[in-house]
Amino acid sequence: MSSASGPDGIAPSDSDARGRGGELLPRWLGAYWFSWGAIPLVLLAVQLVTGLVLALHYQPGADSAYESVRTIAERVPYGWYLRGLHRWAASLLVLTIVLHLLRVLLSAAHRQPRHLTWLGGFLLLLCTVAAGFTGQALTGERGGTEALTLAGALLADLPAVGGALQQLLLAGHGVTARTLDRVYAWHAVGLPVLGVALLLGHLALVRAHGLSDALEGAPDATPTPWREHAQRLIVATLWTLLLLNVLAALDPGALGPPSGAVALSASAHTPATPWYLYPVVRWVRLLPGPAAARSGIALLLVAWLWPFIDRWMVQKLKLRAANEWFGALAVASVLTLALWEVLDGL
Amino acid sequence: MGSERTERRAPSRVSQALSAKSRRTLIIASSLAVVGSLLLIQFQEVSRSRQRAGLAPTELSIPARSQPCVECHEAERPGLVEPWRASVHAAQGVACVECHEAGPDDPDGYEHHGERIATLVTPRDCGRCHADQAAEFDRSRHAQAAEIRGHLKETRVWASTAFDTGPADIPLAGRKQLRAAVCGPCHGVAVAVLSTSGERITAAELEPDADGRPTQRAVAAEIARSSEGFVQFAPDGGRGGGIGRLNLDGSRGSCAACHGRHDVAAFAARRPETCSGCHLGPDQPQKEVYESSPHGAAWRLAGPRLALDSPTWVLGRDYAAAPSCATCHLSGHGRNGGAITHDPGTRLSWVHGSGRSTRTDTTADGRRLAVREESDRALIVDTWQDKRVRMRQVCSNCHVASTIDAHYQRYDQLVEHYERRFGQPALEILEALQSEGLWRSGAMDEPIDWTLARLVHEDGRAALMGAAMMSPDRAYTHGLSRVAERFYGSFIPQARAITRQAADTHRRAGAETADALIDSVLARPEHQGLGAREPR
């Protein structure tokens with residue numbers, strides 16, 4: 001099992017086996033699904049590139065946003081494709097980050113000394129979700145104003161800083177003529193800059209800490225050549241691009257009616273909440289008034305500070321399986337809320 | 001951290017087994033797949049380009065509820081569906097049920113293959129999505145177009161509608177059918193369905209409430225239906241698209257009159273041909289005026305620069321080559337932020353009625369109010385000057401202020417000239433004849449009745465519209481020239497004939513009074529020029 005020879009029957013030399021930073025890449029990294037950590041990075045790159053090209057045609061502002069998106073979708077050559085890529089990459093980005101988060105939890109890689117990585121990574125997840133939400137609001141479709149108003153109201157319900165946060169998002173106490181410009185500034189500048197900064201820190205920490213020692217000492221940890229790992233990364237990238245192309249070709253995303261259009265009978269388009277916000281929407285529907293926002297932010301804080309809470313539970317409360325149980329609970333709750341929202345809408 | 005963890009994370013045997021060669025193959029295959037997907041994207045882009053260029057029919061997504069309608073009617077009556085396919089509604093996923101859906105209380109609704117629908121689509125239905133436009137239209141004079149009965153005498157149009165105010169031996173049904181055929185296609189008449197006893201039921205009988213539901217339920221219950229449940233429209237039942245159609249749900253108008261029926265399209269209301277269908281002819285020759293004006297000439301030459309299919313059509317932003325009717329009277333332009341109005345009255349500072357041009361001071365409900373006392377002024381919310389400013393804003397997209405000033409000066413002068421020289425005096429003379437018992441208004445039994453109608457309702461209005469919209473032909477040759485000929489060549493001699501006949505039949509006093517008035521009119525300075533003479 002601990003044979004030093006790889007699948008070709010040739011023993012990798014030390015230089016092959018060591019990564020760029022000189023660390024050993026254990027055998028289990030040969031599993032494909034461990035190369036998939038790069039996929040969020042690929043998707044982010046796609047978002048930055050398509051986002052830039054879209055920004056060349058998008059016209060922010062309440063009067064021009066919808067028409068500019070329609071122009072992109074209908075008149076700009078390949079505009080529909082770029083928009084489709086941007087939309088699908090957003091969904092896949094959230095999905096892969098969530099899967100990555102689950103993998104980190106399962107492999108207990110959030111624990112000391114990697115708690116900073118978790119803190120930054122969780123913030124990255126929030127940035128990504130925020131980028132998805134703001135991006136959808138920028139199309140000027142019906143439902144966007146209501147979504148922004150709701151988000152602003154939730155922020156305003158937070159104690160002390162609520163009002164300031166609402167102003168930060170909406171440039172007002174509700175959706176005004178300046179709101180879309182503000183949201184655009186967040187989506188196109190604020191969140192990408194913040195996200196890239198956090199990501200660089202996250203990657204630096206990952207390199208600095210090396211791979212989680214929960215696995216490093218595993219008996220079957222024989223080195224993987226760096227080239228092999230790189231090739232798997234390339235395959236993962238290619239499959240991601242392929243998936244994106246197929247999705248964009250099949251469903252580039254029909255534009256719903258503009259905000260201000262009166263609701264038709266049920267056979268027309270209805271505004272769609274992004275799937276990753278289903279649990280949030282259901283939570284808000286369940287709880288009255290400020291309770292939704294305040295409990296929500298409390299839960300987010302618990303999740304963000306999980307490395308510390310986990311350690312407290314293990315060390316002080318002697319709950320060794322805290323991670324697994326609470327992780328399972330969190331996943332089950334989120335899935336239940338999401339499913340509830342889906343079924344309710346049917 | 002025990003062994004169970006490592007087992008959970010044991011790598012798959014498959015990936016372990018891949019050799020370097022296999023990995024290379026996998027990379028090459030994946031790259032080819034990505035290239036293939038890019039070809040798929042390119043194929044889609046070409047297809048979309050062709051649709052954009054009109055070389056291929058656009059993909060339509062038909063909502064589920066309307067899918068059966070399209071399938072059946074396309075086979076059975078393709079003329080219903082094909083125009084819809086080309087429409088902007090089809091491109092937006094608005095199909096049959098979305099417009100034709102009828103509520104349970106709608107008097108003309110019926111069950112049809114699982115849906116409750118009504119054949120006629122009224123502004124109330126359109127207003128479900130286009131609420132602002134429907135409300136604006138309802139305030140406009142277009143919506144009042146069917147309320148012509150009271151105006152017939154006032155506008156002296158009895159010359160062409162003699163059957164309506166004539167003797168009672170013409171049966172009522174016949175009159176209504178004539179009205180539906182003659183007046184209805186432009187003005188609109190009351191939509192009428194038949195009751196089980198053959199009576200006509202209109203909105204007047206149903207008395208719809210503010211939501212369009214009939215309050216006279218007993219009357220609604222009497223509406224006759226065929227064995228398939230269709231309502232029976234009266235033969236004169238005004239189903240056509242007259243712009244002021246009085247619908248059963250109390251709403252007025254038909255949006256289809258300007259926007260097309262199933263072939264609703266953005267460019268329909270932009271083109272002068274749409275307005276010209278009704279706004280033409282001797283008594284409102286806007287079509288002829290426009291076509292003989294510089295604006296009409298520019299329009300004919302502009303071609304593709306008019307951007308008629310542009311999603312927005314804002315003068316100065318999307319196009320500036322030439323104006324159509326909509327440009328000046330309805331559409332948005334660069335000086336008002338592109339705001340469209342469905343009420344052309346908001347930009348008109350004159351209304352040229354028959355023999356009387358009035359300034360357009362309007363009250364809160366959009367009706368004109370002639371200011372007679374100071375207390376009237378308080379009711380005016382929008383003056384004729386406000387309206388003129390709005391029209392001038394349109395002009396200013398292409399013309400400098402001095403040009404616009406000069407135009408309005410000429411226009412106002414011609415209005416004043418016509419009213420003072422021909423329009424008002426003609427009415428004065430007739431009023432004098434009437435007060436002396438020498439002539440009955442509305443009797444239509446003398447040549448002067450026809451002359452008056454042609455004078456004030458046709459040639460006079462043509463001259464005024466010619467001045468308003470810069471057509472030298474209509475302002476003069478087919479306008480003032482004819483007015484003068486009719487006034488001096490027919491009207492005055494016919495008035496004198498009346499007074500002469502009165503004098504010969506022992507009504508000398510009345511005849512002398514009337515003659516004196518005619519003399520005083522003709523003695524005014526405006527009748528002293530060359531040609532402005534009573535013929536001997």
# chains A, B, ... in the order shown; residues from 1 in each chain; ligands from 1
$ residues_around --residues "range 72-82 of chain B" --least-positions-apart "3" --cutoff "10 Å" --atoms "only C-alpha atoms" --output "JSON, numbers by chain"
{"B": [67, 68, 69, 85, 86, 87, 95, 96, 261, 262, 263]}
$ residues_around --residues "Arg305 in chain B" --least-positions-apart "2" --cutoff "8 Å" --atoms "only C-alpha atoms" --output "PyMOL selection string"
chain B and resi 302-303+307+319+321
$ residues_around --residues "Gly366 in chain B" --least-positions-apart "5" --cutoff "10 Å" --atoms "only C-alpha atoms" --output "number ranges by chain"
B: 138-141, 343, 345-346, 360-361, 380-382
$ residues_around --residues "Leu99 in chain A" --least-positions-apart "5" --cutoff "12 Å" --atoms "only C-alpha atoms" --output "list in words"
Trp33, Phe34, Trp36, Gly37, Ile39, Pro40, Leu92, Leu93, Val94, Val104, Leu105, Leu106, Leu125 and Val331 of chain A
$ write_last_selection --atoms "all heavy atoms" --output "short mmCIF file (atom, residue, chain, number, x, y, z; two decimals), in the first residue's frame"
data_model
loop_
_atom_site.label_atom_id
_atom_site.label_comp_id
_atom_site.auth_asym_id
_atom_site.auth_seq_id
_atom_site.Cartn_x
_atom_site.Cartn_y
_atom_site.Cartn_z
N TRP A 33 -12.07 14.09 -7.65
CA TRP A 33 -12.88 15.09 -6.99
C TRP A 33 -12.07 15.97 -6.05
O TRP A 33 -12.54 16.97 -5.57
CB TRP A 33 -14.06 14.45 -6.26
CG TRP A 33 -13.76 13.51 -5.16
CD1 TRP A 33 -13.33 12.23 -5.26
CD2 TRP A 33 -13.87 13.78 -3.77
NE1 TRP A 33 -13.18 11.66 -4.04
CE2 TRP A 33 -13.51 12.59 -3.09
CE3 TRP A 33 -14.25 14.90 -3.02
CZ2 TRP A 33 -13.49 12.50 -1.71
CZ3 TRP A 33 -14.25 14.81 -1.64
CH2 TRP A 33 -13.87 13.61 -0.99
N PHE A 34 -10.82 15.60 -5.86
CA PHE A 34 -9.97 16.50 -5.11
C PHE A 34 -9.30 17.54 -5.99
O PHE A 34 -8.72 18.48 -5.49
CB PHE A 34 -8.91 15.72 -4.32
CG PHE A 34 -9.34 15.48 -2.91
CD1 PHE A 34 -9.84 14.26 -2.52
CD2 PHE A 34 -9.27 16.51 -1.98
CE1 PHE A 34 -10.27 14.06 -1.22
CE2 PHE A 34 -9.69 16.31 -0.67
CZ PHE A 34 -10.19 15.08 -0.30
N TRP A 36 -11.07 19.15 -7.92
CA TRP A 36 -12.16 20.04 -8.29
C TRP A 36 -12.16 21.32 -7.46
O TRP A 36 -12.97 22.19 -7.68
CB TRP A 36 -13.50 19.31 -8.15
CG TRP A 36 -13.65 18.25 -9.17
CD1 TRP A 36 -12.78 17.96 -10.20
CD2 TRP A 36 -14.71 17.32 -9.28
NE1 TRP A 36 -13.26 16.92 -10.93
CE2 TRP A 36 -14.44 16.50 -10.40
CE3 TRP A 36 -15.89 17.09 -8.55
CZ2 TRP A 36 -15.28 15.48 -10.78
CZ3 TRP A 36 -16.73 16.08 -8.94
CH2 TRP A 36 -16.43 15.28 -10.06
N GLY A 37 -11.28 21.40 -6.51
CA GLY A 37 -11.18 22.65 -5.77
C GLY A 37 -10.80 23.81 -6.68
O GLY A 37 -11.05 24.97 -6.36
N ILE A 39 -12.10 24.33 -9.51
CA ILE A 39 -13.23 24.74 -10.37
C ILE A 39 -13.79 26.10 -9.98
O ILE A 39 -14.07 26.91 -10.85
CB ILE A 39 -14.30 23.63 -10.39
CG1 ILE A 39 -13.73 22.41 -11.10
CG2 ILE A 39 -15.54 24.12 -11.07
CD1 ILE A 39 -14.69 21.25 -11.17
N PRO A 40 -13.96 26.38 -8.69
CA PRO A 40 -14.43 27.74 -8.37
C PRO A 40 -13.50 28.80 -8.95
O PRO A 40 -13.97 29.86 -9.39
CB PRO A 40 -14.43 27.77 -6.85
CG PRO A 40 -14.61 26.36 -6.44
CD PRO A 40 -13.90 25.55 -7.46
N LEU A 92 -23.12 27.91 -10.83
CA LEU A 92 -22.15 26.85 -10.59
C LEU A 92 -21.12 27.27 -9.56
O LEU A 92 -20.63 26.44 -8.77
CB LEU A 92 -21.45 26.45 -11.89
CG LEU A 92 -22.32 25.72 -12.91
CD1 LEU A 92 -21.51 25.40 -14.16
CD2 LEU A 92 -22.86 24.43 -12.32
N LEU A 93 -20.78 28.54 -9.56
CA LEU A 93 -19.79 29.04 -8.60
C LEU A 93 -20.32 28.86 -7.18
O LEU A 93 -19.61 28.34 -6.30
CB LEU A 93 -19.51 30.51 -8.89
CG LEU A 93 -18.36 31.19 -8.14
CD1 LEU A 93 -17.08 30.42 -8.30
CD2 LEU A 93 -18.20 32.62 -8.62
N VAL A 94 -21.55 29.27 -6.97
CA VAL A 94 -22.12 29.09 -5.63
C VAL A 94 -22.18 27.61 -5.28
O VAL A 94 -21.81 27.21 -4.18
CB VAL A 94 -23.54 29.72 -5.56
CG1 VAL A 94 -24.18 29.41 -4.22
CG2 VAL A 94 -23.47 31.21 -5.78
N VAL A 104 -14.62 20.67 3.14
CA VAL A 104 -13.73 21.20 4.19
C VAL A 104 -14.25 20.79 5.56
O VAL A 104 -13.50 20.35 6.43
CB VAL A 104 -13.62 22.73 4.05
CG1 VAL A 104 -13.02 23.34 5.31
CG2 VAL A 104 -12.80 23.10 2.84
N LEU A 105 -15.55 20.92 5.74
CA LEU A 105 -16.15 20.54 7.02
C LEU A 105 -15.93 19.07 7.30
O LEU A 105 -15.53 18.67 8.40
CB LEU A 105 -17.66 20.82 6.99
CG LEU A 105 -18.15 22.13 7.57
CD1 LEU A 105 -19.66 22.18 7.51
CD2 LEU A 105 -17.68 22.30 9.00
N LEU A 106 -16.22 18.25 6.28
CA LEU A 106 -16.11 16.81 6.45
C LEU A 106 -14.68 16.39 6.78
O LEU A 106 -14.45 15.47 7.56
CB LEU A 106 -16.55 16.08 5.17
CG LEU A 106 -18.05 15.84 5.03
CD1 LEU A 106 -18.33 15.14 3.70
CD2 LEU A 106 -18.56 14.99 6.18
N LEU A 125 -17.80 33.02 0.36
CA LEU A 125 -19.12 32.48 0.00
C LEU A 125 -20.17 33.58 0.04
O LEU A 125 -20.99 33.72 -0.87
CB LEU A 125 -19.49 31.35 0.96
CG LEU A 125 -20.92 30.81 0.83
CD1 LEU A 125 -21.14 30.18 -0.54
CD2 LEU A 125 -21.22 29.80 1.93
N VAL A 331 -26.90 21.16 7.06
CA VAL A 331 -27.21 20.77 5.68
C VAL A 331 -28.67 20.38 5.56
O VAL A 331 -29.39 20.80 4.63
CB VAL A 331 -26.30 19.61 5.23
CG1 VAL A 331 -26.78 19.02 3.92
CG2 VAL A 331 -24.86 20.09 5.09
#
$ select_by_dssp --residues "range 141-259 of chain A" --states "alpha helix (DSSP H)" --output "MDAnalysis selection string"
chainID A and resid 144:156 162:170 179:185 191:209 213:216 226:250
$ closest_residue --among "A:Thr96, A:Thr139, A:Thr71, A:Thr149" --to "chain B" --atoms "only C-alpha atoms"
A:Thr71
$ closest_residue --among "A:His110, A:Lys318, A:His115, A:Arg87" --to "Thr50 in chain A" --atoms "only C-alpha atoms"
A:Arg87
$ residues_around --residues "Gln393 in chain B" --least-positions-apart "4" --cutoff "7 Å" --atoms "only C-alpha atoms" --output "list in words"
Arg335, Val389 and Asn397 of chain B
$ write_last_selection --atoms "N, CA, C and O atoms" --output "PDB file, in the first residue's frame"
ATOM      1  N   ARG B 335     -36.623  65.906 -25.922  1.00  0.00           N
ATOM      2  CA  ARG B 335     -36.787  67.020 -24.962  1.00  0.00           C
ATOM      3  C   ARG B 335     -37.734  66.674 -23.824  1.00  0.00           C
ATOM      4  O   ARG B 335     -37.902  67.465 -22.904  1.00  0.00           O
ATOM      5  N   VAL B 389     -46.671  74.679 -25.653  1.00  0.00           N
ATOM      6  CA  VAL B 389     -45.279  74.502 -25.237  1.00  0.00           C
ATOM      7  C   VAL B 389     -44.844  73.060 -25.481  1.00  0.00           C
ATOM      8  O   VAL B 389     -43.732  72.792 -25.953  1.00  0.00           O
ATOM      9  N   ASN B 397     -36.702  69.762 -31.488  1.00  0.00           N
ATOM     10  CA  ASN B 397     -35.719  68.723 -31.760  1.00  0.00           C
ATOM     11  C   ASN B 397     -35.064  68.924 -33.112  1.00  0.00           C
ATOM     12  O   ASN B 397     -33.966  68.425 -33.373  1.00  0.00           O
TER      13      ASN B 397
END
$ atom_distance --atom1 "CA of Gln424 in chain B" --atom2 "CA of Ala516 in chain B"
16.6 Å
$ residues_around --residues "Leu148 in chain A" --least-positions-apart "3" --cutoff "7 Å" --atoms "only C-alpha atoms" --output "PyMOL selection string"
chain A and resi 137+144-145+151-152+175
$ write_last_selection --atoms "all heavy atoms" --output "mmCIF file, in the first residue's frame"
data_model
loop_
_atom_site.group_PDB
_atom_site.id
_atom_site.type_symbol
_atom_site.label_atom_id
_atom_site.label_comp_id
_atom_site.auth_asym_id
_atom_site.auth_seq_id
_atom_site.Cartn_x
_atom_site.Cartn_y
_atom_site.Cartn_z
ATOM 1 N N ALA A 137 -30.450 41.477 -9.741
ATOM 2 C CA ALA A 137 -31.236 42.702 -9.580
ATOM 3 C C ALA A 137 -30.901 43.720 -10.653
ATOM 4 O O ALA A 137 -31.701 44.601 -10.952
ATOM 5 C CB ALA A 137 -30.985 43.307 -8.202
ATOM 6 N N GLY A 144 -37.053 42.473 -9.503
ATOM 7 C CA GLY A 144 -35.762 42.967 -9.025
ATOM 8 C C GLY A 144 -35.938 44.037 -7.961
ATOM 9 O O GLY A 144 -35.261 44.023 -6.927
ATOM 10 N N THR A 145 -36.873 44.950 -8.216
ATOM 11 C CA THR A 145 -37.106 46.016 -7.243
ATOM 12 C C THR A 145 -37.588 45.445 -5.919
ATOM 13 O O THR A 145 -37.125 45.853 -4.843
ATOM 14 C CB THR A 145 -38.162 46.989 -7.781
ATOM 15 O OG1 THR A 145 -37.854 47.327 -9.115
ATOM 16 C CG2 THR A 145 -38.223 48.226 -6.928
ATOM 17 N N ALA A 151 -34.267 42.953 0.530
ATOM 18 C CA ALA A 151 -32.908 42.870 1.066
ATOM 19 C C ALA A 151 -32.608 44.085 1.928
ATOM 20 O O ALA A 151 -32.028 43.971 3.017
ATOM 21 C CB ALA A 151 -31.901 42.758 -0.079
ATOM 22 N N GLY A 152 -32.994 45.259 1.453
ATOM 23 C CA GLY A 152 -32.777 46.477 2.223
ATOM 24 C C GLY A 152 -33.509 46.438 3.550
ATOM 25 O O GLY A 152 -32.971 46.834 4.596
ATOM 26 N N VAL A 175 -35.828 51.505 -2.596
ATOM 27 C CA VAL A 175 -35.304 51.574 -3.960
ATOM 28 C C VAL A 175 -35.605 52.957 -4.538
ATOM 29 O O VAL A 175 -36.753 53.377 -4.590
ATOM 30 C CB VAL A 175 -35.938 50.477 -4.835
ATOM 31 C CG1 VAL A 175 -35.543 50.660 -6.284
ATOM 32 C CG2 VAL A 175 -35.497 49.113 -4.343
#
$ residues_around --residues "Gly51 in chain A" --least-positions-apart "4" --cutoff "12 Å" --atoms "only C-alpha atoms" --output "list in words"
Leu43, Leu44, Ala45, Val46, Gln47, Ala55, Leu56, His57, Tyr58, Gly79, Leu82, Arg83, Gly84, Leu85, His86, Arg87, Ala89, Ala90, Ala131, Gly132, Gly135, Tyr184, His187, Ala188, Val189 and Pro192 of chain A
$ closest_residue --among "B:Arg390, B:Gly338, B:Ala256, B:Gly240" --to "chain A" --atoms "only C-alpha atoms"
B:Gly338
